[in-house]
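Enquirer: Following this line is my_file16.cif, made up of mmCIF, C-alpha atoms:
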data_run
loop_
_atom_site.label_atom_id
_atom_site.label_comp_id
_atom_site.auth_asym_id
_atom_site.auth_seq_id
_atom_site.Cartn_x
_atom_site.Cartn_y
_atom_site.Cartn_z
CA MET A 1 59.69 -17.86 -22.81
CA GLY A 2 62.32 -17.31 -25.54
CA GLU A 3 63.27 -13.96 -27.06
CA VAL A 4 61.27 -14.58 -30.27
CA GLU A 5 58.18 -15.66 -28.33
CA GLU A 6 58.48 -12.65 -25.98
CA PHE A 7 58.73 -10.28 -28.94
CA ALA A 8 55.75 -11.93 -30.65
CA ALA A 9 53.71 -11.65 -27.43
CA ARG A 10 54.40 -7.89 -27.26
CA VAL A 11 53.38 -7.41 -30.89
CA ARG A 12 50.29 -9.57 -30.40
CA ALA A 13 49.29 -7.53 -27.34
CA LEU A 14 49.49 -4.34 -29.41
CA LYS A 15 47.27 -5.83 -32.10
CA GLU A 16 44.71 -7.22 -29.66
CA GLY A 17 44.62 -3.98 -27.65
CA ASP A 18 43.90 -2.01 -30.82
CA GLY A 19 41.01 -4.25 -31.81
CA ARG A 20 41.39 -3.94 -35.56
CA SER A 21 41.77 -6.97 -37.82
CA TYR A 22 45.02 -8.14 -39.38
CA GLU A 23 43.74 -6.95 -42.76
CA ALA A 24 42.86 -3.47 -41.48
CA LEU A 25 46.20 -2.97 -39.73
CA GLY A 26 48.11 -4.48 -42.64
CA ARG A 27 46.58 -1.94 -45.03
CA ARG A 28 47.81 0.91 -42.85
CA LEU A 29 51.28 -0.61 -42.57
CA GLY A 30 51.66 -1.66 -46.21
CA VAL A 31 52.11 -5.36 -45.39
CA SER A 32 49.88 -8.37 -45.98
CA ALA A 33 47.59 -9.73 -43.28
CA SER A 34 49.44 -13.06 -43.36
CA THR A 35 52.79 -11.33 -42.79
CA LEU A 36 51.43 -9.41 -39.79
CA HIS A 37 49.97 -12.65 -38.41
CA ARG A 38 53.40 -14.33 -38.64
CA TYR A 39 54.92 -11.49 -36.62
CA CYS A 40 52.24 -11.91 -33.94
CA SER A 41 52.57 -15.70 -33.80
CA GLY A 42 56.38 -15.76 -33.70
CA ALA A 43 56.68 -17.58 -37.03
CA ALA A 44 58.74 -14.67 -38.41
CA VAL A 45 60.73 -11.72 -37.10
CA PRO A 46 60.72 -8.50 -39.20
CA GLU A 47 64.06 -7.74 -40.84
CA SER A 48 63.80 -4.09 -39.74
CA PHE A 49 62.15 -2.42 -36.76
CA ALA A 50 60.47 0.28 -38.87
CA VAL A 51 57.27 -1.67 -39.58
CA VAL A 52 56.95 -2.66 -35.90
CA GLU A 53 57.48 0.92 -34.79
CA ARG A 54 54.74 2.08 -37.13
CA LEU A 55 52.44 -0.61 -35.75
CA ALA A 56 53.21 0.47 -32.18
CA ARG A 57 52.48 4.12 -32.90
CA LEU A 58 49.36 3.20 -34.86
CA CYS A 59 48.12 1.26 -31.81
CA GLY A 60 48.82 4.15 -29.43
CA ALA A 61 51.99 2.87 -27.73
CA THR A 62 53.95 5.30 -25.55
CA ALA A 63 57.53 6.31 -26.30
CA GLU A 64 58.75 4.07 -23.47
CA GLU A 65 56.77 1.12 -24.84
CA VAL A 66 58.27 1.70 -28.29
CA ARG A 67 61.80 1.70 -26.86
CA GLU A 68 61.13 -1.51 -24.92
CA LEU A 69 59.62 -3.11 -28.03
CA GLU A 70 62.70 -2.17 -30.06
CA GLU A 71 64.92 -3.88 -27.50
CA ARG A 72 62.73 -7.00 -27.67
CA TRP A 73 62.93 -6.93 -31.49
CA ARG A 74 66.72 -6.59 -31.38
CA ARG A 75 67.08 -9.62 -29.10
CA ALA A 76 64.66 -11.67 -31.20
CA ASP A 77 66.52 -10.67 -34.36
CA LEU A 78 69.82 -11.86 -32.86
CA VAL A 79 68.25 -15.21 -31.99
CA ARG A 80 66.49 -15.74 -35.33
CA ARG A 81 69.28 -14.55 -37.62
CA PRO A 82 72.59 -14.78 -35.67
CA LEU A 83 74.66 -15.38 -38.82
CA ALA A 84 73.44 -12.21 -40.51
CA ARG A 85 75.82 -10.05 -38.48
CA PRO A 86 79.03 -8.73 -40.08
CA ALA A 87 81.89 -11.23 -40.14
CA VAL A 88 84.59 -8.58 -40.63
CA PRO A 89 87.45 -9.00 -38.14
CA VAL A 90 87.62 -6.03 -35.78
CA PRO A 91 90.79 -4.86 -34.00
CA ALA A 92 90.79 -4.77 -30.22
CA GLY A 93 89.19 -1.66 -28.77
CA VAL A 94 87.12 -0.90 -31.90
CA THR A 95 83.34 -1.19 -31.58
CA VAL A 96 81.06 -1.78 -34.56
CA PRO A 97 77.44 -0.55 -34.04
CA GLY A 98 75.02 -3.45 -33.65
CA ARG A 99 77.76 -6.10 -33.34
CA VAL A 100 78.21 -8.31 -30.29
CA SER A 101 81.81 -9.28 -29.62
CA ALA A 102 82.56 -12.99 -29.39
CA SER A 103 84.19 -12.34 -26.03
CA GLU A 104 81.17 -10.55 -24.57
CA PRO A 105 77.92 -12.14 -23.36
CA ALA A 106 74.79 -11.30 -25.31
CA PRO A 107 72.42 -8.78 -23.65
CA GLY A 108 70.46 -10.42 -20.88
CA ASP A 109 72.57 -13.64 -20.92
CA ALA A 110 73.73 -13.99 -17.33
CA SER A 111 74.99 -17.55 -17.92
CA ALA A 112 77.51 -16.60 -20.59
CA PRO A 113 81.16 -16.91 -19.46
CA ARG A 114 83.03 -13.67 -18.90
CA ALA A 115 85.96 -12.91 -21.16
CA ALA A 116 89.42 -13.64 -19.79
CA PRO A 117 91.53 -10.55 -18.99
CA ALA A 118 93.90 -9.48 -21.72
CA PRO A 119 97.51 -10.65 -21.20
CA ALA A 120 100.07 -8.11 -20.09
CA PRO A 121 101.99 -6.50 -22.94
CA VAL A 122 105.34 -8.10 -23.76
CA PRO A 123 108.26 -5.67 -23.86
CA VAL A 124 109.62 -5.19 -27.35
CA PRO A 125 113.37 -4.70 -27.76
CA ALA A 126 114.37 -1.32 -29.09
CA ARG A 127 115.11 -1.28 -32.82
CA PRO A 128 117.94 0.61 -34.48
CA ARG A 129 116.99 4.14 -35.36
CA ARG A 130 115.75 4.50 -38.93
CA GLY A 131 116.40 7.25 -41.32
CA ARG A 132 113.86 9.90 -42.30
CA LYS A 133 113.06 8.18 -45.61
CA ALA A 134 112.23 4.87 -43.92
CA TRP A 135 109.82 6.57 -41.48
CA LEU A 136 108.08 8.37 -44.34
CA VAL A 137 107.42 4.98 -45.96
CA VAL A 138 106.10 3.55 -42.68
CA GLY A 139 103.85 6.57 -42.19
CA ALA A 140 102.41 6.24 -45.69
CA VAL A 141 101.67 2.55 -45.18
CA ALA A 142 100.01 3.27 -41.83
CA GLY A 143 97.81 5.90 -43.48
CA VAL A 144 96.66 3.44 -46.13
CA VAL A 145 95.88 0.83 -43.47
CA ALA A 146 93.87 3.36 -41.45
CA LEU A 147 91.84 4.42 -44.47
CA THR A 148 91.17 0.79 -45.41
CA LEU A 149 90.11 -0.10 -41.87
CA GLY A 150 87.79 2.89 -41.77
CA ALA A 151 86.16 1.79 -45.02
CA VAL A 152 85.56 -1.69 -43.59
CA LEU A 153 84.15 -0.59 -40.23
CA LEU A 154 81.94 2.32 -41.23
CA PRO A 155 78.24 1.40 -41.60
CA GLY A 156 77.16 1.00 -45.23
CA ARG A 157 73.85 2.83 -45.00
CA GLY A 158 73.38 5.82 -47.23
CA ARG A 159 76.35 5.16 -49.49
CA GLU A 160 76.51 7.15 -52.70
CA PRO A 161 77.38 5.86 -56.21
CA ARG A 162 81.10 5.67 -56.85
CA GLU A 163 80.71 6.21 -60.56
CA GLY A 164 79.03 8.97 -62.52
CA ALA A 165 79.06 12.75 -62.31
CA GLN A 166 76.84 13.03 -59.23
CA PRO A 167 78.93 14.51 -56.36
CA GLU A 168 78.98 12.47 -53.18
CA THR A 169 76.75 13.97 -50.49
CA ALA A 170 75.94 12.22 -47.23
CA PRO A 171 72.15 11.73 -47.28
CA PRO A 172 70.14 13.03 -44.28
CA PHE A 173 68.42 9.67 -43.86
CA THR A 174 69.16 6.04 -43.15
CA TYR A 175 67.81 3.09 -45.05
CA THR A 176 67.65 -0.68 -44.84
CA VAL A 177 67.28 -3.14 -47.72
CA ALA A 178 65.68 -6.58 -47.52
CA SER A 179 65.11 -9.18 -50.23
CA LEU A 180 61.68 -10.78 -49.86
CA TRP A 181 59.52 -13.59 -51.20
CA GLU A 182 56.19 -12.76 -52.78
CA ASN A 183 53.49 -12.94 -50.07
CA GLY A 184 56.21 -14.26 -47.78
CA CYS A 185 56.18 -17.75 -49.30
CA GLY A 186 56.56 -17.69 -53.09
CA HIS A 187 59.89 -17.42 -54.88
CA THR A 188 62.04 -19.16 -57.49
CA TYR A 189 65.81 -19.58 -57.46
CA LEU A 190 68.08 -20.72 -60.28
CA ALA A 191 70.97 -22.97 -59.22
CA ASP A 192 73.62 -24.81 -61.20
CA ARG A 193 73.16 -27.99 -59.16
CA PRO A 194 71.19 -31.21 -59.50
CA PRO A 195 68.24 -31.76 -57.11
CA ALA A 196 70.20 -34.31 -55.05
CA ARG A 197 72.66 -31.56 -54.06
CA VAL A 198 70.06 -28.94 -53.16
CA PRO A 199 68.76 -28.90 -49.56
CA ALA A 200 65.11 -28.42 -48.62
CA PRO A 201 63.65 -24.91 -49.01
CA PRO A 202 64.49 -22.57 -46.12
CA MET A 203 62.28 -20.19 -44.18
CA SER A 204 62.13 -16.85 -45.99
CA ALA A 205 64.23 -15.21 -43.24
CA ASP A 206 67.05 -17.69 -43.94
CA ALA A 207 66.80 -17.51 -47.74
CA GLY A 208 69.86 -15.29 -48.18
CA ARG A 209 72.23 -17.78 -46.56
CA TRP A 210 70.53 -20.73 -48.32
CA ALA A 211 70.89 -19.13 -51.75
CA GLY A 212 74.41 -17.87 -51.03
CA ALA A 213 75.63 -21.35 -50.13
CA LEU A 214 74.34 -22.68 -53.47
CA GLY A 215 75.43 -19.71 -55.57
CA ALA A 216 71.74 -19.38 -56.51
CA VAL A 217 70.22 -16.41 -58.36
CA ASP A 218 66.72 -14.94 -58.24
CA GLY A 219 64.73 -16.62 -60.99
CA GLY A 220 62.40 -14.33 -62.88
CA GLN A 221 61.72 -11.88 -60.03
CA THR A 222 63.57 -9.97 -57.33
CA LEU A 223 61.39 -8.41 -54.64
CA VAL A 224 63.08 -5.66 -52.62
CA ARG A 225 61.79 -3.76 -49.59
CA LEU A 226 63.48 -0.40 -49.03
CA THR A 227 62.79 1.30 -45.68
CA VAL A 228 63.78 4.98 -45.54
CA GLN A 229 63.83 7.03 -42.33
CA GLY A 230 64.98 10.60 -41.72
CA LYS A 231 67.70 11.35 -39.20
CA GLY A 232 65.93 14.31 -37.58
CA ALA A 233 62.75 16.34 -37.44
CA SER A 234 63.47 18.10 -40.75
CA ALA A 235 61.65 16.58 -43.72
CA VAL A 236 63.55 14.86 -46.51
CA VAL A 237 61.88 14.99 -49.91
CA LEU A 238 62.26 11.87 -52.05
CA HIS A 239 61.90 12.84 -55.69
CA GLY A 240 62.27 9.60 -57.59
CA LEU A 241 63.52 6.03 -57.78
CA HIS A 242 65.66 5.14 -60.80
CA VAL A 243 66.89 1.78 -62.12
CA ARG A 244 70.45 1.32 -63.39
CA VAL A 245 71.31 -1.91 -65.22
CA VAL A 246 75.06 -2.55 -65.03
CA GLY A 247 75.19 -5.93 -66.78
CA ARG A 248 73.16 -7.98 -69.25
CA ALA A 249 73.64 -11.56 -70.47
CA ALA A 250 71.53 -14.40 -71.82
CA PRO A 251 69.19 -16.11 -69.32
CA LEU A 252 70.94 -18.68 -67.18
CA PRO A 253 70.46 -22.33 -68.30
CA TRP A 254 70.32 -23.48 -64.68
CA ALA A 255 67.58 -25.52 -63.02
CA ALA A 256 64.76 -23.64 -61.32
CA TYR A 257 63.83 -24.44 -57.70
CA ARG A 258 60.47 -23.20 -56.50
CA MET A 259 59.98 -22.43 -52.86
CA ASP A 260 56.25 -23.20 -52.91
CA GLU A 261 53.46 -24.66 -55.01
CA GLY A 262 51.54 -21.40 -55.15
CA CYS A 263 50.59 -19.13 -52.28
CA GLY A 264 48.67 -15.94 -51.98
CA GLY A 265 47.25 -13.44 -49.56
CA ALA A 266 44.14 -11.37 -49.21
CA VAL A 267 46.18 -8.19 -49.66
CA THR A 268 48.39 -7.46 -52.67
CA PRO A 269 50.71 -4.62 -51.60
CA ARG A 270 51.31 -1.49 -53.62
CA LEU A 271 54.73 -1.51 -55.26
CA PHE A 272 57.03 -0.24 -57.98
CA ALA A 273 57.21 -2.62 -60.94
CA VAL A 274 60.41 -2.84 -63.01
CA ASP A 275 60.73 -4.58 -66.40
CA LEU A 276 64.42 -5.42 -66.62
CA ASP A 277 64.03 -6.65 -70.21
CA ALA A 278 63.25 -3.08 -71.33
CA PRO A 279 66.14 -1.08 -72.89
CA ARG A 280 65.71 1.59 -70.18
CA PRO A 281 63.88 0.04 -67.21
CA LEU A 282 61.67 2.34 -65.15
CA ALA A 283 60.22 1.95 -61.66
CA ARG A 284 56.46 2.29 -62.29
CA PRO A 285 54.11 2.77 -59.31
CA VAL A 286 51.40 0.09 -59.21
CA ASP A 287 48.28 0.10 -57.04
CA GLY A 288 47.75 -2.69 -54.55
CA TYR A 289 44.52 -4.62 -54.02
CA ASP A 290 42.68 -5.75 -50.91
CA ALA A 291 40.41 -8.75 -51.47
CA SER A 292 39.81 -9.52 -47.79
CA GLY A 293 36.37 -7.89 -47.58
CA GLU A 294 33.13 -8.61 -49.34
CA GLU A 295 34.08 -6.07 -51.97
CA GLY A 296 37.68 -5.66 -53.05
CA ARG A 297 39.30 -2.25 -53.09
CA GLU A 298 42.43 -0.73 -54.59
CA ILE A 299 45.32 0.48 -52.44
CA PRO A 300 46.72 3.67 -54.05
CA ALA A 301 50.36 3.39 -55.06
CA VAL A 302 53.10 5.60 -53.64
CA ARG A 303 53.94 8.32 -56.14
CA PHE A 304 56.82 10.74 -55.93
CA PRO A 305 57.58 13.19 -54.51
CA TYR A 306 56.88 12.52 -50.84
CA THR A 307 58.62 13.16 -47.53
CA VAL A 308 60.15 11.19 -44.67
CA THR A 309 61.27 12.19 -41.17
CA ALA A 310 62.64 10.33 -38.17
CA ALA A 311 59.08 9.88 -36.88
CA GLU A 312 57.54 9.07 -40.27
CA PRO A 313 59.56 6.49 -42.21
CA GLU A 314 58.40 4.97 -45.48
CA GLU A 315 58.65 1.52 -47.02
CA LEU A 316 59.02 1.13 -50.77
CA LEU A 317 58.45 -2.26 -52.36
CA VAL A 318 60.15 -2.89 -55.71
CA SER A 319 59.33 -5.90 -57.90
CA ALA A 320 61.87 -6.36 -60.72
CA ARG A 321 61.19 -9.05 -63.33
CA ALA A 322 63.32 -10.53 -66.10
CA VAL A 323 62.47 -13.08 -68.78
CA ARG A 324 64.99 -12.53 -71.59
CA CYS A 325 68.11 -11.51 -69.64
CA ASP A 326 70.44 -12.28 -66.77
CA CYS A 327 70.52 -8.73 -65.38
CA ARG A 328 72.64 -7.05 -62.70
CA TRP A 329 71.15 -3.80 -61.46
CA TYR A 330 70.78 -1.35 -58.61
CA LEU A 331 68.50 1.53 -57.61
CA GLU A 332 69.14 5.24 -57.21
CA LEU A 333 67.01 7.25 -54.77
CA GLU A 334 66.93 10.97 -55.59
CA TRP A 335 66.47 13.29 -52.60
CA SER A 336 66.64 16.88 -51.36
CA ALA A 337 66.67 18.45 -47.89
CA GLU A 338 67.62 21.81 -46.36
CA GLY A 339 69.02 23.17 -49.61
CA ARG A 340 71.01 20.03 -50.45
CA THR A 341 70.38 17.41 -53.13
CA GLY A 342 71.81 14.01 -53.81
CA VAL A 343 71.32 10.48 -55.14
CA ALA A 344 71.74 7.45 -52.85
CA ARG A 345 72.76 4.17 -54.46
CA ILE A 346 70.66 1.23 -53.24
CA ALA A 347 72.28 -2.21 -53.62
CA ASP A 348 71.44 -5.62 -52.17
CA PRO A 349 71.92 -6.37 -48.43
CA ARG A 350 75.53 -7.42 -49.14
CA GLY A 351 76.31 -4.13 -50.91
CA GLU A 352 76.43 -5.77 -54.36
CA ALA A 353 74.25 -5.23 -57.42
CA PHE A 354 70.95 -7.11 -57.43
CA ARG A 355 70.85 -10.03 -59.89
CA THR A 356 67.74 -11.34 -61.62
CA SER A 357 67.73 -13.91 -64.43
CA GLY A 358 65.06 -15.34 -66.66
CA ARG A 359 65.05 -19.10 -67.15
CA ALA A 360 66.57 -20.49 -70.34
CA GLU A 361 64.14 -22.40 -72.50
CA GLY A 362 64.12 -26.12 -71.72
CA SER A 363 65.80 -25.85 -68.32
CA PRO A 364 64.18 -28.06 -65.65
CA VAL A 365 61.82 -26.81 -62.94
CA HIS A 366 61.73 -28.48 -59.52
CA ALA A 367 59.32 -28.21 -56.60
CA TYR A 368 59.84 -29.68 -53.14
CA ASP A 369 57.63 -32.50 -51.87
CA PRO A 370 57.74 -32.31 -48.04
CA ALA A 371 56.02 -35.69 -47.67
CA LYS A 372 58.77 -37.44 -49.65
CA GLY A 373 61.52 -35.09 -48.53
CA LEU A 374 62.89 -34.52 -52.02
CA TRP A 375 62.72 -32.29 -55.08
CA ILE A 376 60.45 -33.41 -57.91
CA THR A 377 60.36 -32.18 -61.49
CA GLY A 378 57.54 -29.72 -62.10
CA SER A 379 55.85 -28.38 -65.22
CA GLU A 380 57.45 -26.02 -67.69
CA SER A 381 55.32 -22.98 -66.95
CA GLY A 382 57.04 -20.09 -68.65
CA GLN A 383 60.56 -18.72 -68.95
CA GLY A 384 60.20 -16.36 -66.05
CA GLY A 385 60.28 -19.31 -63.63
#
Here is a file; write its structure as structure tokens.

Expert:
Amino acid sequence: MGEVEEFAARVRALKEGDGRSYEALGRRLGVSASTLHRYCSGAAVPESFAVVERLARLCGATAEEVRELEERWRRADLVRRPLARPAVPVPAGVTVPGRVSASEPAPGDASAPRAAPAPAPVPVPARPRRGRKAWLVVGAVAGVVALTLGAVLLPGRGREPREGAQPETAPPFTYTVASLWENGCGHTYLADRPPARVPAPPMSADAGRWAGALGAVDGGQTLVRLTVQGKGASAVVLHGLHVRVVGRAAPLPWAAYRMDEGCGGAVTPRLFAVDLDAPRPLARPVDGYDASGEEGREIPAVRFPYTVTAAEPEELLVSARAVRCDCRWYLELEWSAEGRTGVARIADPRGEAFRTSGRAEGSPVHAYDPAKGLWITGSESGQGG
């Protein structure tokens, strides 16, 4: 059994042991029933462990079972998304958290070849003695290199805005950011390429690499999942989520490529809606809706302020839409804890501003026909794409 299948079997065992339906568990976790089913079947691996940890605790798993499940998730994540790891070159002897060295076997891989021993150092001939001024220059250069290397290797979680009057304060929490498709299957990208040069739609987990290779941009909507978790037992109060637009331009005249022909789920998650066309966009809390039962019911939206701890993380879903602009933007999460306050800047998974563009009037819309294996021109159904 592969790593993904083993992880899915563990998650499925939790669900079956609990006895509740996918819809009932999904409501407690803030995810759709179809998404939870994909985790249990092995069709998808969550981009963060937080939702799986919450499921495990909800189903009564022990601390040891949670730790073992996290290890299974980590291995499955490495198998499903091996290219998502940092590609920054690392000097010998420096370890980056979460990164597997190319010279080391992956965890549990007994068949992987062992790295060859490092060659013996070659003696370097002594150089003529330099003057004091020359060594000062060398020392200054070395300091700059050390600072630059530190900036590259330090994890990017919890970074503060570089601009503005807000003083930089290390936040007492960690967070992860993931770009999603609506209901796990619906999304539109804008790409400046003809259909013949655009490959078939990817799985949602591979969408980042697919779009990056094409230089594609989110068309009409960007859906962001922000998972926030405290670093200790002390509560962190989250006071608000703010939207900062750092660039506006006319909608891109590129072709639109739809990842599906319409999909939906029984559960519409609660989220924060953002209208990027507004002069001052706001993140408005919106109730979700569960239509899985005989009678539908609303899922109350998350409203600030609220708290997070290491044992009680939270997931915030942000849906930003644009029709009349090509907008670059990011989020600011306002927090306080133990007498300190701060604002954490939330950018896309690459650390850059999110980008969402409406579709220029008259630009073509394409949908993929799997039977024919090609993109076909669809209907012009609104500028938002």

Enquirer: Please evaluate the PyMOL selection byres ((chain A and resi 174) around 8) against the structure above and give the resulting residues as a PyMOL selection string.

Expert: chain A and resi 157-158+171-173+175-176+228-231

Enquirer: Have a look at A:Gly373, A:Arg355, A:Met203, A:Ser234 and name the one nearest to Leu190 (chain A); count only C-alpha atoms.

Expert: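 Nearest candidate to Leu190 (chain A) out of A:Gly373, A:Arg355, A:Met203, A:Ser234: A:Arg355.
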
Enquirer: On this structure, the PyMOL selection byres ((chain A and resi 338-354) around 6) would catch which residues? List them as a list of chain:residue names, sorted by chain and number.

Expert: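 Applying the expression gives A:Glu160, A:Pro161, A:Thr169, A:Val177, A:Arg328, A:Trp329, A:Tyr330, A:Leu331, A:Glu332, A:Leu333, A:Glu334, A:Trp335, A:Ser336, A:Ala337, A:Arg355.
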
Enquirer: Expanded to explicit residues, what is the PyMOL selection byres ((chain A and resi 298-303) around 8) for this file, as a list in words?

Expert: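 Residues picked by the PyMOL selection byres ((chain A and resi 298-303) around 8): Arg27, Pro269, Arg270, Leu271, Pro285, Val286, Asp287, Gly288, Tyr289, Asp290, Gly296, Arg297, Phe304, Pro305, Tyr306 and Leu316 of chain A.
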
Enquirer: Figure out the distance between CA of Gly2 (chain A) and CA of Cys59 (chain A), please, to one decimal in Å.

Expert: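 Going from CA of Cys59 (chain A) over to CA of Gly2 (chain A), I get 24.2 Å.
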
Enquirer: So which residues touch Ala320 (chain A) within 12 Å, counting only C-alpha atoms, skipping near sequence neighbours fewer than 3 positions away, as a ChimeraX atom specification?

Expert: /A:179-180,182,218-225,243-245,271-278,281-284,317,323,327-331,354-358,384

Enquirer: Dump as a list in words all residues having an atom at most 12 Å from (71.5, -33.2, -59.3), computed in the file's coordinates with only C-alpha atoms.

Expert: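 Output: Ala191, Asp192, Arg193, Pro194, Pro195, Ala196, Arg197, Val198, Pro199, Trp254, Ala255, Ala256, Tyr257, Pro364, His366, Leu374, Trp375, Ile376 and Thr377 of chain A.
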
Enquirer: To one decimal place, how far is CA of Val31 (chain A) from CA of Met1 (chain A) in Å?

Expert: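 Value for the CA of Val31 (chain A)-CA of Met1 (chain A) distance: 26.9 Å.
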
Enquirer: Suppose you want the space between CA of Ala24 (chain A) and CA of Arg57 (chain A); what is it in Å?

Expert: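 Spanning CA of Ala24 (chain A) to CA of Arg57 (chain A) is a straight-line distance of 15.0 Å.
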
Enquirer: Pick out the residues sitting within 10 Å of Arg28 (chain A), and hand them over as a short mmCIF file (atom, residue, chain, number, x, y, z; two decimals) with C-alpha atoms, in the coordinates of the input; count only C-alpha atoms, and ignore anything fewer than 6 positions along from it in its own chain.

Expert:
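Resulting contents of selection.cif:
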data_model
loop_
_atom_site.label_atom_id
_atom_site.label_comp_id
_atom_site.auth_asym_id
_atom_site.auth_seq_id
_atom_site.Cartn_x
_atom_site.Cartn_y
_atom_site.Cartn_z
CA ARG A 54 54.74 2.08 -37.13
CA LEU A 55 52.44 -0.61 -35.75
CA LEU A 58 49.36 3.20 -34.86
CA ILE A 299 45.32 0.48 -52.44
#

Enquirer: For Val52 (chain A), which of A:Gly378, A:Pro201, A:Gly184, A:Pro313 is the closest residue, counting only C-alpha atoms?

Expert: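 Selected residue with least distance to Val52 (chain A): A:Pro313.
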
Enquirer: Counting only C-alpha atoms, figure out which residue out of A:Ala205, A:Ala178, A:Leu241, A:Leu226 gets nearest to Glu314 (chain A).

Expert: A:Leu226

Enquirer: So, with all atoms listed in the file as the atoms that count, which of A:Ala63, A:Ala50, A:Ala367, A:Cys325 lies closest to Glu312 (chain A)?

Expert: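 Closest to Glu312 (chain A) of all the choices is A:Ala50.
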
Enquirer: Kindly indicate which residue among A:Ala170, A:Asp206, A:Tyr22, A:Ala360 lies nearest to Ser34 (chain A), using all atoms listed in the file for the distances.

Expert: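 Closest candidate: A:Tyr22.
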
Enquirer: For Glu53 (chain A), work out the shell of residues within 9 Å, counting only C-alpha atoms and skipping chain neighbours fewer than 5 positions away, then give it as a list in words.

Expert: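 Neighbouring residues, sequence-local ones excluded: Leu58, Val66, Leu69 and Glu70 of chain A.
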